[in-house]
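One file, query16.cif, carrying mmCIF, N, CA and C atoms:
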```
data_input
loop_
_atom_site.label_atom_id
_atom_site.label_comp_id
_atom_site.auth_asym_id
_atom_site.auth_seq_id
_atom_site.Cartn_x
_atom_site.Cartn_y
_atom_site.Cartn_z
N MET B 1250 0.82 -1.18 0.00
CA MET B 1250 0.00 0.00 0.00
C MET B 1250 0.87 1.25 0.00
N ALA B 1251 1.96 1.25 0.74
CA ALA B 1251 2.85 2.41 0.81
C ALA B 1251 3.49 2.69 -0.54
N ASP B 1252 3.83 1.63 -1.29
CA ASP B 1252 4.43 1.83 -2.61
C ASP B 1252 3.46 2.52 -3.56
N THR B 1253 2.19 2.15 -3.49
CA THR B 1253 1.17 2.79 -4.33
C THR B 1253 1.05 4.27 -3.99
N GLN B 1254 1.11 4.59 -2.71
CA GLN B 1254 1.01 5.98 -2.27
C GLN B 1254 2.20 6.78 -2.80
N GLN B 1255 3.40 6.21 -2.76
CA GLN B 1255 4.58 6.91 -3.25
C GLN B 1255 4.49 7.15 -4.75
N VAL B 1256 3.97 6.19 -5.49
CA VAL B 1256 3.79 6.35 -6.94
C VAL B 1256 2.79 7.45 -7.21
N ASP B 1257 1.66 7.45 -6.48
CA ASP B 1257 0.64 8.48 -6.65
C ASP B 1257 1.21 9.86 -6.31
N ASP B 1258 1.98 9.95 -5.22
CA ASP B 1258 2.58 11.22 -4.83
C ASP B 1258 3.56 11.73 -5.88
N SER B 1259 4.36 10.83 -6.42
CA SER B 1259 5.34 11.26 -7.42
C SER B 1259 4.65 11.66 -8.72
N LYS B 1260 3.55 10.99 -9.07
CA LYS B 1260 2.78 11.38 -10.25
C LYS B 1260 2.16 12.76 -10.05
N GLN B 1261 1.64 13.00 -8.86
CA GLN B 1261 1.04 14.31 -8.55
C GLN B 1261 2.10 15.40 -8.58
N ALA B 1262 3.27 15.11 -8.04
CA ALA B 1262 4.36 16.10 -8.04
C ALA B 1262 4.81 16.40 -9.46
N ALA B 1263 4.91 15.38 -10.30
CA ALA B 1263 5.30 15.58 -11.69
C ALA B 1263 4.26 16.39 -12.43
N LYS B 1264 2.99 16.11 -12.17
CA LYS B 1264 1.90 16.86 -12.81
C LYS B 1264 1.94 18.32 -12.38
N ALA B 1265 2.17 18.58 -11.09
CA ALA B 1265 2.26 19.95 -10.58
C ALA B 1265 3.45 20.68 -11.20
N GLU B 1266 4.56 19.99 -11.35
CA GLU B 1266 5.76 20.58 -11.96
C GLU B 1266 5.50 20.96 -13.42
N ARG B 1267 4.82 20.08 -14.15
CA ARG B 1267 4.48 20.39 -15.55
C ARG B 1267 3.55 21.59 -15.64
N ARG B 1268 2.58 21.66 -14.75
CA ARG B 1268 1.64 22.78 -14.74
C ARG B 1268 2.37 24.08 -14.42
N ALA B 1269 3.26 24.07 -13.45
CA ALA B 1269 4.04 25.26 -13.11
C ALA B 1269 4.92 25.70 -14.28
N ALA B 1270 5.52 24.74 -14.96
CA ALA B 1270 6.37 25.06 -16.11
C ALA B 1270 5.56 25.68 -17.23
N ARG B 1271 4.36 25.15 -17.48
CA ARG B 1271 3.49 25.70 -18.52
C ARG B 1271 3.07 27.13 -18.18
N LEU B 1272 2.69 27.36 -16.93
CA LEU B 1272 2.33 28.71 -16.49
C LEU B 1272 3.53 29.66 -16.59
N ALA B 1273 4.72 29.16 -16.24
CA ALA B 1273 5.93 29.99 -16.32
C ALA B 1273 6.19 30.41 -17.76
N ARG B 1274 5.96 29.51 -18.71
CA ARG B 1274 6.13 29.86 -20.13
C ARG B 1274 5.13 30.94 -20.53
N GLN B 1275 3.89 30.82 -20.07
CA GLN B 1275 2.88 31.83 -20.38
C GLN B 1275 3.25 33.18 -19.76
N ILE B 1276 3.73 33.16 -18.55
CA ILE B 1276 4.16 34.40 -17.88
C ILE B 1276 5.33 35.00 -18.65
N GLY B 1277 6.28 34.16 -19.05
CA GLY B 1277 7.43 34.64 -19.82
C GLY B 1277 7.01 35.25 -21.14
N SER B 1278 6.05 34.65 -21.82
CA SER B 1278 5.54 35.19 -23.09
C SER B 1278 4.89 36.55 -22.86
N PHE B 1279 4.11 36.66 -21.78
CA PHE B 1279 3.48 37.94 -21.45
C PHE B 1279 4.55 38.99 -21.18
N ALA B 1280 5.54 38.62 -20.39
CA ALA B 1280 6.62 39.57 -20.05
C ALA B 1280 7.35 40.02 -21.30
N GLN B 1281 7.64 39.10 -22.19
CA GLN B 1281 8.34 39.44 -23.42
C GLN B 1281 7.50 40.38 -24.29
N ALA B 1282 6.20 40.15 -24.36
CA ALA B 1282 5.32 40.98 -25.18
C ALA B 1282 5.11 42.37 -24.60
N HIS B 1283 5.33 42.52 -23.29
CA HIS B 1283 5.04 43.79 -22.62
C HIS B 1283 6.27 44.47 -22.03
N GLY B 1284 7.45 44.09 -22.49
CA GLY B 1284 8.67 44.73 -22.04
C GLY B 1284 9.04 44.44 -20.60
N GLY B 1285 8.64 43.29 -20.11
CA GLY B 1285 8.88 42.91 -18.72
C GLY B 1285 7.55 42.82 -17.99
N ALA B 1286 7.57 42.23 -16.81
CA ALA B 1286 6.33 42.07 -16.06
C ALA B 1286 6.61 41.93 -14.58
N GLU B 1287 5.58 42.23 -13.81
CA GLU B 1287 5.57 42.00 -12.37
C GLU B 1287 4.29 41.23 -12.08
N ALA B 1288 4.25 40.56 -10.93
CA ALA B 1288 3.10 39.73 -10.62
C ALA B 1288 2.67 39.87 -9.17
N GLN B 1289 1.43 39.48 -8.94
CA GLN B 1289 0.90 39.35 -7.59
C GLN B 1289 0.12 38.04 -7.56
N VAL B 1290 0.33 37.25 -6.53
CA VAL B 1290 -0.30 35.94 -6.41
C VAL B 1290 -1.30 36.01 -5.27
N ALA B 1291 -2.55 35.59 -5.56
CA ALA B 1291 -3.60 35.66 -4.54
C ALA B 1291 -4.46 34.41 -4.56
N TYR B 1292 -4.61 33.79 -3.42
CA TYR B 1292 -5.46 32.62 -3.27
C TYR B 1292 -6.91 33.05 -3.47
N ILE B 1293 -7.66 32.37 -4.32
CA ILE B 1293 -9.05 32.76 -4.58
C ILE B 1293 -10.04 31.69 -4.14
N GLY B 1294 -9.59 30.80 -3.29
CA GLY B 1294 -10.49 29.80 -2.75
C GLY B 1294 -10.38 28.47 -3.49
N HIS B 1295 -11.46 27.75 -3.50
CA HIS B 1295 -11.51 26.42 -4.09
C HIS B 1295 -11.09 26.42 -5.56
N GLU B 1296 -11.32 27.54 -6.24
CA GLU B 1296 -11.00 27.64 -7.66
C GLU B 1296 -9.51 27.64 -7.92
N GLY B 1297 -8.71 28.04 -6.95
CA GLY B 1297 -7.27 28.04 -7.12
C GLY B 1297 -6.61 29.33 -6.67
N THR B 1298 -5.61 29.73 -7.42
CA THR B 1298 -4.82 30.91 -7.10
C THR B 1298 -4.66 31.75 -8.35
N ARG B 1299 -4.92 33.04 -8.22
CA ARG B 1299 -4.85 33.97 -9.34
C ARG B 1299 -3.47 34.61 -9.40
N ILE B 1300 -2.90 34.64 -10.59
CA ILE B 1300 -1.64 35.32 -10.84
C ILE B 1300 -1.98 36.54 -11.68
N VAL B 1301 -1.87 37.73 -11.10
CA VAL B 1301 -2.13 38.96 -11.84
C VAL B 1301 -0.79 39.45 -12.38
N LEU B 1302 -0.74 39.72 -13.67
CA LEU B 1302 0.47 40.18 -14.33
C LEU B 1302 0.29 41.60 -14.81
N VAL B 1303 1.29 42.44 -14.56
CA VAL B 1303 1.29 43.81 -15.06
C VAL B 1303 2.59 44.02 -15.82
N GLY B 1304 2.45 44.35 -17.10
CA GLY B 1304 3.61 44.56 -17.95
C GLY B 1304 4.22 45.93 -17.74
N SER B 1305 5.45 46.09 -18.17
CA SER B 1305 6.14 47.38 -18.06
C SER B 1305 5.43 48.47 -18.85
N ASP B 1306 4.67 48.06 -19.88
CA ASP B 1306 3.93 49.02 -20.69
C ASP B 1306 2.54 49.32 -20.13
N GLY B 1307 2.20 48.73 -18.98
CA GLY B 1307 0.89 48.94 -18.36
C GLY B 1307 -0.15 47.92 -18.74
N GLY B 1308 0.16 47.07 -19.72
CA GLY B 1308 -0.76 46.00 -20.09
C GLY B 1308 -0.89 45.01 -18.94
N TRP B 1309 -2.03 44.39 -18.83
CA TRP B 1309 -2.21 43.47 -17.72
C TRP B 1309 -3.01 42.25 -18.16
N GLY B 1310 -2.92 41.23 -17.35
CA GLY B 1310 -3.67 40.00 -17.58
C GLY B 1310 -3.57 39.14 -16.35
N ASP B 1311 -4.23 38.01 -16.40
CA ASP B 1311 -4.14 37.11 -15.26
C ASP B 1311 -4.23 35.67 -15.71
N LEU B 1312 -3.77 34.80 -14.85
CA LEU B 1312 -3.81 33.36 -15.03
C LEU B 1312 -4.31 32.76 -13.73
N VAL B 1313 -4.86 31.57 -13.80
CA VAL B 1313 -5.29 30.88 -12.59
C VAL B 1313 -4.57 29.54 -12.51
N ALA B 1314 -3.94 29.33 -11.38
CA ALA B 1314 -3.25 28.07 -11.10
C ALA B 1314 -4.13 27.25 -10.16
N PRO B 1315 -4.03 25.94 -10.20
CA PRO B 1315 -4.88 25.12 -9.33
C PRO B 1315 -4.55 25.24 -7.84
N THR B 1316 -3.29 25.56 -7.52
CA THR B 1316 -2.90 25.71 -6.11
C THR B 1316 -1.96 26.90 -5.95
N TYR B 1317 -1.84 27.35 -4.72
CA TYR B 1317 -0.94 28.46 -4.41
C TYR B 1317 0.51 28.04 -4.67
N ALA B 1318 0.86 26.82 -4.31
CA ALA B 1318 2.24 26.34 -4.50
C ALA B 1318 2.62 26.33 -5.98
N ILE B 1319 1.71 25.90 -6.83
CA ILE B 1319 1.99 25.88 -8.27
C ILE B 1319 2.15 27.31 -8.78
N ALA B 1320 1.30 28.21 -8.33
CA ALA B 1320 1.39 29.62 -8.76
C ALA B 1320 2.72 30.23 -8.35
N ARG B 1321 3.12 30.03 -7.11
CA ARG B 1321 4.40 30.57 -6.64
C ARG B 1321 5.57 29.97 -7.41
N SER B 1322 5.51 28.69 -7.66
CA SER B 1322 6.56 28.04 -8.42
C SER B 1322 6.64 28.62 -9.84
N ALA B 1323 5.50 28.87 -10.45
CA ALA B 1323 5.46 29.41 -11.82
C ALA B 1323 6.07 30.81 -11.89
N VAL B 1324 5.73 31.69 -10.96
CA VAL B 1324 6.29 33.05 -11.02
C VAL B 1324 7.78 33.03 -10.72
N GLU B 1325 8.22 32.14 -9.84
CA GLU B 1325 9.65 32.02 -9.55
C GLU B 1325 10.40 31.51 -10.78
N LYS B 1326 9.84 30.51 -11.46
CA LYS B 1326 10.47 29.97 -12.67
C LYS B 1326 10.54 31.03 -13.76
N ALA B 1327 9.51 31.87 -13.85
CA ALA B 1327 9.46 32.91 -14.88
C ALA B 1327 10.41 34.05 -14.57
N GLY B 1328 10.82 34.17 -13.32
CA GLY B 1328 11.78 35.21 -12.94
C GLY B 1328 11.22 36.61 -12.88
N VAL B 1329 9.92 36.73 -12.60
CA VAL B 1329 9.33 38.07 -12.50
C VAL B 1329 9.29 38.51 -11.04
N THR B 1330 9.25 39.82 -10.83
CA THR B 1330 9.11 40.37 -9.49
C THR B 1330 7.72 40.05 -8.98
N VAL B 1331 7.62 39.58 -7.74
CA VAL B 1331 6.34 39.22 -7.15
C VAL B 1331 6.03 40.19 -6.01
N HIS B 1332 4.84 40.78 -6.05
CA HIS B 1332 4.38 41.68 -5.00
C HIS B 1332 3.45 40.90 -4.07
N GLU B 1333 3.53 41.20 -2.79
CA GLU B 1333 2.66 40.55 -1.81
C GLU B 1333 1.23 41.06 -1.91
N ASP B 1334 1.08 42.35 -2.25
CA ASP B 1334 -0.25 42.97 -2.33
C ASP B 1334 -0.39 43.69 -3.65
N PHE B 1335 -1.63 43.88 -4.06
CA PHE B 1335 -1.91 44.67 -5.25
C PHE B 1335 -2.18 46.08 -4.74
N ASP B 1336 -1.11 46.72 -4.26
CA ASP B 1336 -1.24 48.01 -3.58
C ASP B 1336 -1.12 49.18 -4.55
N GLY B 1337 -1.14 50.39 -4.01
CA GLY B 1337 -1.16 51.61 -4.80
C GLY B 1337 -0.09 51.73 -5.87
N GLU B 1338 1.17 51.57 -5.50
CA GLU B 1338 2.26 51.75 -6.46
C GLU B 1338 2.21 50.70 -7.57
N PHE B 1339 1.95 49.46 -7.20
CA PHE B 1339 1.86 48.39 -8.19
C PHE B 1339 0.60 48.56 -9.05
N ALA B 1340 -0.52 48.84 -8.42
CA ALA B 1340 -1.78 49.01 -9.15
C ALA B 1340 -1.73 50.20 -10.09
N ALA B 1341 -0.98 51.24 -9.73
CA ALA B 1341 -0.88 52.44 -10.56
C ALA B 1341 -0.19 52.17 -11.89
N LYS B 1342 0.51 51.05 -12.00
CA LYS B 1342 1.19 50.70 -13.25
C LYS B 1342 0.22 50.17 -14.31
N VAL B 1343 -0.98 49.76 -13.89
CA VAL B 1343 -1.97 49.20 -14.81
C VAL B 1343 -2.57 50.31 -15.65
N ARG B 1344 -2.62 50.09 -16.95
CA ARG B 1344 -3.24 51.03 -17.88
C ARG B 1344 -4.51 50.38 -18.42
N THR B 1345 -5.63 51.03 -18.17
CA THR B 1345 -6.89 50.53 -18.69
C THR B 1345 -7.24 51.24 -19.98
N GLY B 1346 -7.97 50.55 -20.82
CA GLY B 1346 -8.35 51.11 -22.11
C GLY B 1346 -9.84 51.36 -22.19
N PRO B 1347 -10.31 51.72 -23.36
CA PRO B 1347 -11.73 52.02 -23.55
C PRO B 1347 -12.66 50.86 -23.17
N TYR B 1348 -12.22 49.64 -23.44
CA TYR B 1348 -13.06 48.49 -23.10
C TYR B 1348 -13.35 48.45 -21.61
N GLU B 1349 -12.31 48.58 -20.79
CA GLU B 1349 -12.51 48.51 -19.33
C GLU B 1349 -13.37 49.67 -18.85
N TRP B 1350 -13.14 50.88 -19.36
CA TRP B 1350 -13.92 52.04 -18.94
C TRP B 1350 -15.38 51.88 -19.35
N LYS B 1351 -15.61 51.34 -20.52
CA LYS B 1351 -16.99 51.13 -20.98
C LYS B 1351 -17.68 50.10 -20.08
N ARG B 1352 -16.98 49.03 -19.76
CA ARG B 1352 -17.55 48.01 -18.87
C ARG B 1352 -17.86 48.58 -17.49
N MET B 1353 -16.91 49.38 -16.95
CA MET B 1353 -17.15 49.97 -15.63
C MET B 1353 -18.31 50.94 -15.67
N ALA B 1354 -18.41 51.74 -16.74
CA ALA B 1354 -19.50 52.69 -16.87
C ALA B 1354 -20.82 51.96 -17.03
N GLY B 1355 -20.82 50.86 -17.75
CA GLY B 1355 -22.04 50.07 -17.93
C GLY B 1355 -22.57 49.52 -16.63
N ILE B 1356 -21.66 49.15 -15.76
CA ILE B 1356 -22.06 48.65 -14.45
C ILE B 1356 -22.67 49.78 -13.63
N GLN B 1357 -22.10 50.97 -13.74
CA GLN B 1357 -22.57 52.12 -12.98
C GLN B 1357 -23.81 52.77 -13.59
N LEU B 1358 -23.88 52.83 -14.91
CA LEU B 1358 -24.91 53.59 -15.60
C LEU B 1358 -25.82 52.69 -16.42
N GLY B 1359 -26.76 52.06 -15.75
CA GLY B 1359 -27.75 51.30 -16.48
C GLY B 1359 -27.33 49.92 -16.91
N GLY B 1360 -26.23 49.44 -16.39
CA GLY B 1360 -25.81 48.08 -16.71
C GLY B 1360 -26.76 47.09 -16.07
N PRO B 1361 -26.58 45.84 -16.33
CA PRO B 1361 -27.48 44.84 -15.73
C PRO B 1361 -27.40 44.87 -14.22
N SER B 1362 -28.57 44.76 -13.61
CA SER B 1362 -28.58 44.78 -12.14
C SER B 1362 -28.32 43.38 -11.62
N ASN B 1363 -27.84 43.32 -10.42
CA ASN B 1363 -27.54 42.04 -9.77
C ASN B 1363 -28.53 41.78 -8.66
N ASP B 1364 -29.79 42.07 -8.89
CA ASP B 1364 -30.81 41.88 -7.85
C ASP B 1364 -31.07 40.45 -7.56
#
```

structure tokens encoding of this file:
Amino acid sequence: MADTQQVDDSKQAAKAERRAARLARQIGSFAQAHGGAEAQVAYIGHEGTRIVLVGSDGGWGDLVAPTYAIARSAVEKAGVTVHEDFDGEFAAKVRTGPYEWKRMAGIQLGGPSND
């Protein structure tokens, strides 16, 4: 029984490593497209962990990892700066475009209600 558990654990570890490597490649691609990047990792509950990326040009995006450990491993592998919080200085680097402003205005001005 113990041998089966070790095989299962090693399979899970290998799967987690592959997932972290795939996320790291995606983070690296984002960083390359945006002149560099910084990240913030936040646990979002049962769904996993969100990796918010902000490029040097102000472009932003996010990825979701299944666990916090995989997310942290991915940002470390990608070699990006990781912030503990999405605070003022880091958040100020984000540049929003017309799409985001239109969406925010729609929510405020006659957008669908959440009653």

Worksheet item: Residues around (-2.3, 24.9, -7.6), cut-off 12 Å, counting only C-alpha atoms - what are they as a PyMOL selection string?
Response: chain B and resi 1261-1262+1264-1269+1272+1290-1300+1312-1323

Fill in: Val1303 of chain B surroundings by all atoms listed in the file, 6 Å radius, close-in-sequence under 4 positions cut, as a list of chain:residue names
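Within the cut-off, the hits are B:Gly1285, B:Ala1286, B:Glu1287, B:Ala1288, B:Gly1307, B:Gly1308, B:Trp1309, B:Gly1310.
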
Discussion item. So that I can check the secondary structure, give me every residue of chain B assigned strand (DSSP E or B) by backbone DSSP, as a ChimeraX atom specification.
Written reply: /B:1286-1292,1298-1304,1309-1314,1330-1332

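Put simply, atom C of Met1353 of chain B is 25.4 Å away from atom CA of His1283 of chain B.
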
Item to complete: Please write the residues picked by the PyMOL selection byres ((chain B and resi 1328) around 8) on this file as a PyMOL selection string.
Response: chain B and resi 1273+1276-1277+1286-1287+1322-1327+1329-1331

Practice prompt. Provide the atom N of Gly1304 of chain B to atom C of Arg1344 of chain B distance in Å, to one decimal place.
Written response: 9.3 Å

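Across the structure, atom N of Asp1334 of chain B and atom N of Ala1263 of chain B are spaced 28.4 Å apart.
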
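Proximity to Gly1284 of chain B at 7 Å, evaluated using all atoms listed in the file and with sequence-adjacent residues fewer than 4 positions away removed, yields Phe1279, Ala1280, Gly1304, Ser1305 and Asp1306 of chain B.
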
Discussion item. Considering only alpha helix (DSSP H) as DSSP defines it on the backbone, what residues of segment 1251-1288 of chain B qualify? List them as a PyMOL selection string.
Written reply: chain B and resi 1251-1282
